[in-house]
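> Could you have a look at this structure, given as structure tokens, before my questions?
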Protein chains: 2
Amino acid sequence: MSLFNFFNKQRTTAPAARERLQILLAHERAEIGQSDLVAVLREEILAVIARHVPINRDKVKVKMDRKDQMSTLEVDIELPQQAALLTAH
Amino acid sequence: MSLFNFFNKQRTTAPAARERLQILLAHERAEIGQSDLVAVLREEILAVIARHVPINRDKVKVKMDRKDQMSTLEVDIELPQQAALLTAH
């Protein structure tokens, strides 16, 4: 299944013209008990995004999950309409 | 379908005990032609990761895809065994 399908499946509401950024992160550990990279990266990745687009913290959904050998992070950010980049590119 | 299934489905080889980090990023634009956030974020997110774990650029697979209203980035990083975090946590 391609990434596009995964993200399109995620859309439960009618596809209103919203601007949206989704991040999925998975850390597969060779052994149980190793440090959890996902928890470490979470805030820094959000900070990188916030440097480029205005983010309203109320519109940021974060879901973290940790199993023995896999941790995952799902971040779903609804961006303001016409979210022009803060940094010129 | 949950995120775990998505990542487990991605595993084509036998589940050897490898340490792996996967990042999926999707930018859904309200209108065609808006700036592509995924391309902008790509290098900075890789830099955030490289601050925390030793990354061998040969073990980093990056796939980017851009359609009218959706851009996606898939990054698959095989981490060295026992990849201790560079930054103490």
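Residue names in the structure tokens use chain letters A, B, ... in the order shown, residue numbers from 1 in each chain, and ligand numbers from 1 in the order shown.
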Residues of chain A near chain B: apply a cut-off of 6 Å, count only C-alpha atoms, and supply the list as an mmCIF file with all heavy atoms, in the first residue's frame.

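Produced file out.cif, reproduced below:
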data_model
loop_
_atom_site.group_PDB
_atom_site.id
_atom_site.type_symbol
_atom_site.label_atom_id
_atom_site.label_comp_id
_atom_site.auth_asym_id
_atom_site.auth_seq_id
_atom_site.Cartn_x
_atom_site.Cartn_y
_atom_site.Cartn_z
ATOM 1 N N ALA A 17 -11.328 21.767 1.551
ATOM 2 C CA ALA A 17 -10.013 22.249 1.097
ATOM 3 C C ALA A 17 -9.217 22.746 2.300
ATOM 4 O O ALA A 17 -9.208 23.926 2.636
ATOM 5 C CB ALA A 17 -10.197 23.375 0.083
ATOM 6 N N ARG A 18 -8.606 21.848 3.014
ATOM 7 C CA ARG A 18 -7.817 22.255 4.176
ATOM 8 C C ARG A 18 -6.359 22.001 3.846
ATOM 9 O O ARG A 18 -6.015 21.125 3.070
ATOM 10 C CB ARG A 18 -8.193 21.393 5.398
ATOM 11 C CG ARG A 18 -9.547 21.693 5.976
ATOM 12 C CD ARG A 18 -9.784 20.842 7.185
ATOM 13 N NE ARG A 18 -9.385 19.451 6.899
ATOM 14 C CZ ARG A 18 -9.153 18.544 7.837
ATOM 15 N NH1 ARG A 18 -9.258 18.873 9.108
ATOM 16 N NH2 ARG A 18 -8.814 17.324 7.518
ATOM 17 N N GLU A 19 -5.541 22.759 4.500
ATOM 18 C CA GLU A 19 -4.106 22.518 4.339
ATOM 19 C C GLU A 19 -3.657 21.736 5.566
ATOM 20 O O GLU A 19 -4.013 22.072 6.698
ATOM 21 C CB GLU A 19 -3.356 23.844 4.252
ATOM 22 C CG GLU A 19 -1.888 23.624 3.987
ATOM 23 C CD GLU A 19 -1.281 24.620 3.026
ATOM 24 O OE1 GLU A 19 -2.031 25.471 2.497
ATOM 25 O OE2 GLU A 19 -0.074 24.531 2.799
ATOM 26 N N ARG A 20 -2.898 20.699 5.329
ATOM 27 C CA ARG A 20 -2.635 19.772 6.429
ATOM 28 C C ARG A 20 -1.236 19.186 6.286
ATOM 29 O O ARG A 20 -0.768 18.925 5.181
ATOM 30 C CB ARG A 20 -3.671 18.643 6.276
ATOM 31 C CG ARG A 20 -4.027 17.905 7.504
ATOM 32 C CD ARG A 20 -5.307 17.115 7.187
ATOM 33 N NE ARG A 20 -5.420 16.011 8.128
ATOM 34 C CZ ARG A 20 -5.737 14.784 7.772
ATOM 35 N NH1 ARG A 20 -5.954 14.469 6.511
ATOM 36 N NH2 ARG A 20 -5.837 13.843 8.678
ATOM 37 N N LEU A 21 -0.564 18.994 7.407
ATOM 38 C CA LEU A 21 0.745 18.353 7.397
ATOM 39 C C LEU A 21 0.667 17.171 8.345
ATOM 40 O O LEU A 21 0.203 17.287 9.472
ATOM 41 C CB LEU A 21 1.818 19.340 7.877
ATOM 42 C CG LEU A 21 3.254 18.804 7.869
ATOM 43 C CD1 LEU A 21 3.735 18.576 6.416
ATOM 44 C CD2 LEU A 21 4.190 19.797 8.561
ATOM 45 N N GLN A 22 1.065 16.010 7.839
ATOM 46 C CA GLN A 22 1.066 14.816 8.694
ATOM 47 C C GLN A 22 2.476 14.248 8.759
ATOM 48 O O GLN A 22 3.172 14.192 7.754
ATOM 49 C CB GLN A 22 0.134 13.759 8.112
ATOM 50 C CG GLN A 22 -1.332 14.018 8.421
ATOM 51 C CD GLN A 22 -2.175 12.838 8.003
ATOM 52 O OE1 GLN A 22 -2.254 12.551 6.810
ATOM 53 N NE2 GLN A 22 -2.771 12.127 8.937
ATOM 54 N N ILE A 23 2.855 13.857 9.948
ATOM 55 C CA ILE A 23 4.175 13.243 10.132
ATOM 56 C C ILE A 23 3.965 11.926 10.859
ATOM 57 O O ILE A 23 3.257 11.868 11.860
ATOM 58 C CB ILE A 23 5.093 14.138 10.989
ATOM 59 C CG1 ILE A 23 5.240 15.502 10.344
ATOM 60 C CG2 ILE A 23 6.460 13.498 11.175
ATOM 61 C CD1 ILE A 23 4.883 16.614 11.247
ATOM 62 N N LEU A 24 4.566 10.893 10.323
ATOM 63 C CA LEU A 24 4.530 9.601 10.999
ATOM 64 C C LEU A 24 5.980 9.189 11.225
ATOM 65 O O LEU A 24 6.800 9.297 10.314
ATOM 66 C CB LEU A 24 3.849 8.541 10.111
ATOM 67 C CG LEU A 24 2.520 8.904 9.468
ATOM 68 C CD1 LEU A 24 2.025 7.767 8.574
ATOM 69 C CD2 LEU A 24 1.473 9.222 10.505
ATOM 70 N N LEU A 25 6.272 8.772 12.419
ATOM 71 C CA LEU A 25 7.651 8.412 12.756
ATOM 72 C C LEU A 25 7.604 7.058 13.436
ATOM 73 O O LEU A 25 6.732 6.816 14.266
ATOM 74 C CB LEU A 25 8.164 9.457 13.761
ATOM 75 C CG LEU A 25 9.610 9.835 13.809
ATOM 76 C CD1 LEU A 25 9.979 10.625 12.563
ATOM 77 C CD2 LEU A 25 9.903 10.724 15.034
ATOM 78 N N ALA A 26 8.472 6.145 13.031
ATOM 79 C CA ALA A 26 8.495 4.842 13.708
ATOM 80 C C ALA A 26 9.933 4.469 13.987
ATOM 81 O O ALA A 26 10.805 4.583 13.119
ATOM 82 C CB ALA A 26 7.844 3.768 12.848
ATOM 83 N N HIS A 27 10.196 4.064 15.216
ATOM 84 C CA HIS A 27 11.543 3.635 15.596
ATOM 85 C C HIS A 27 11.452 2.158 15.958
ATOM 86 O O HIS A 27 10.776 1.791 16.917
ATOM 87 C CB HIS A 27 12.050 4.452 16.787
ATOM 88 C CG HIS A 27 13.399 4.021 17.277
ATOM 89 N ND1 HIS A 27 13.792 4.137 18.587
ATOM 90 C CD2 HIS A 27 14.461 3.464 16.620
ATOM 91 C CE1 HIS A 27 15.041 3.695 18.712
ATOM 92 N NE2 HIS A 27 15.470 3.290 17.524
ATOM 93 N N GLU A 28 12.105 1.350 15.138
ATOM 94 C CA GLU A 28 12.118 -0.095 15.351
ATOM 95 C C GLU A 28 13.427 -0.427 16.028
ATOM 96 O O GLU A 28 14.500 -0.175 15.457
ATOM 97 C CB GLU A 28 12.041 -0.774 13.981
ATOM 98 C CG GLU A 28 11.590 -2.181 13.967
ATOM 99 C CD GLU A 28 11.593 -2.695 12.523
ATOM 100 O OE1 GLU A 28 11.210 -1.950 11.598
ATOM 101 O OE2 GLU A 28 12.057 -3.822 12.332
ATOM 102 N N ARG A 29 13.362 -0.939 17.234
ATOM 103 C CA ARG A 29 14.583 -1.227 17.998
ATOM 104 C C ARG A 29 14.989 -2.683 17.811
ATOM 105 O O ARG A 29 14.145 -3.586 17.816
ATOM 106 C CB ARG A 29 14.326 -0.939 19.485
ATOM 107 C CG ARG A 29 14.165 0.538 19.792
ATOM 108 C CD ARG A 29 13.900 0.782 21.278
ATOM 109 N NE ARG A 29 12.588 0.275 21.650
ATOM 110 C CZ ARG A 29 11.459 0.947 21.443
ATOM 111 N NH1 ARG A 29 11.486 2.125 20.843
ATOM 112 N NH2 ARG A 29 10.295 0.458 21.799
ATOM 113 N N ALA A 30 16.315 -2.888 17.725
ATOM 114 C CA ALA A 30 16.822 -4.260 17.592
ATOM 115 C C ALA A 30 16.582 -4.998 18.905
ATOM 116 O O ALA A 30 16.306 -6.177 18.929
ATOM 117 C CB ALA A 30 18.295 -4.228 17.240
#
> CA of Arg66 (chain A) and CA of Pro54 (chain A), how far apart in Å?
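So the two atoms, CA of Pro54 (chain A) and CA of Arg66 (chain A), lie 29.2 Å apart.
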> Mind giving me the straight-line distance from CA of Val60 (chain A) to CA of Ile55 (chain B) in Å, one decimal?
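Answer for the CA of Val60 (chain A) to CA of Ile55 (chain B) separation: 28.7 Å.
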> Report the distance between CA of Arg42 (chain A) and CA of Lys63 (chain A) in Å, rounded to one decimal place.
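Here the two named atoms are 10.5 Å from each other.
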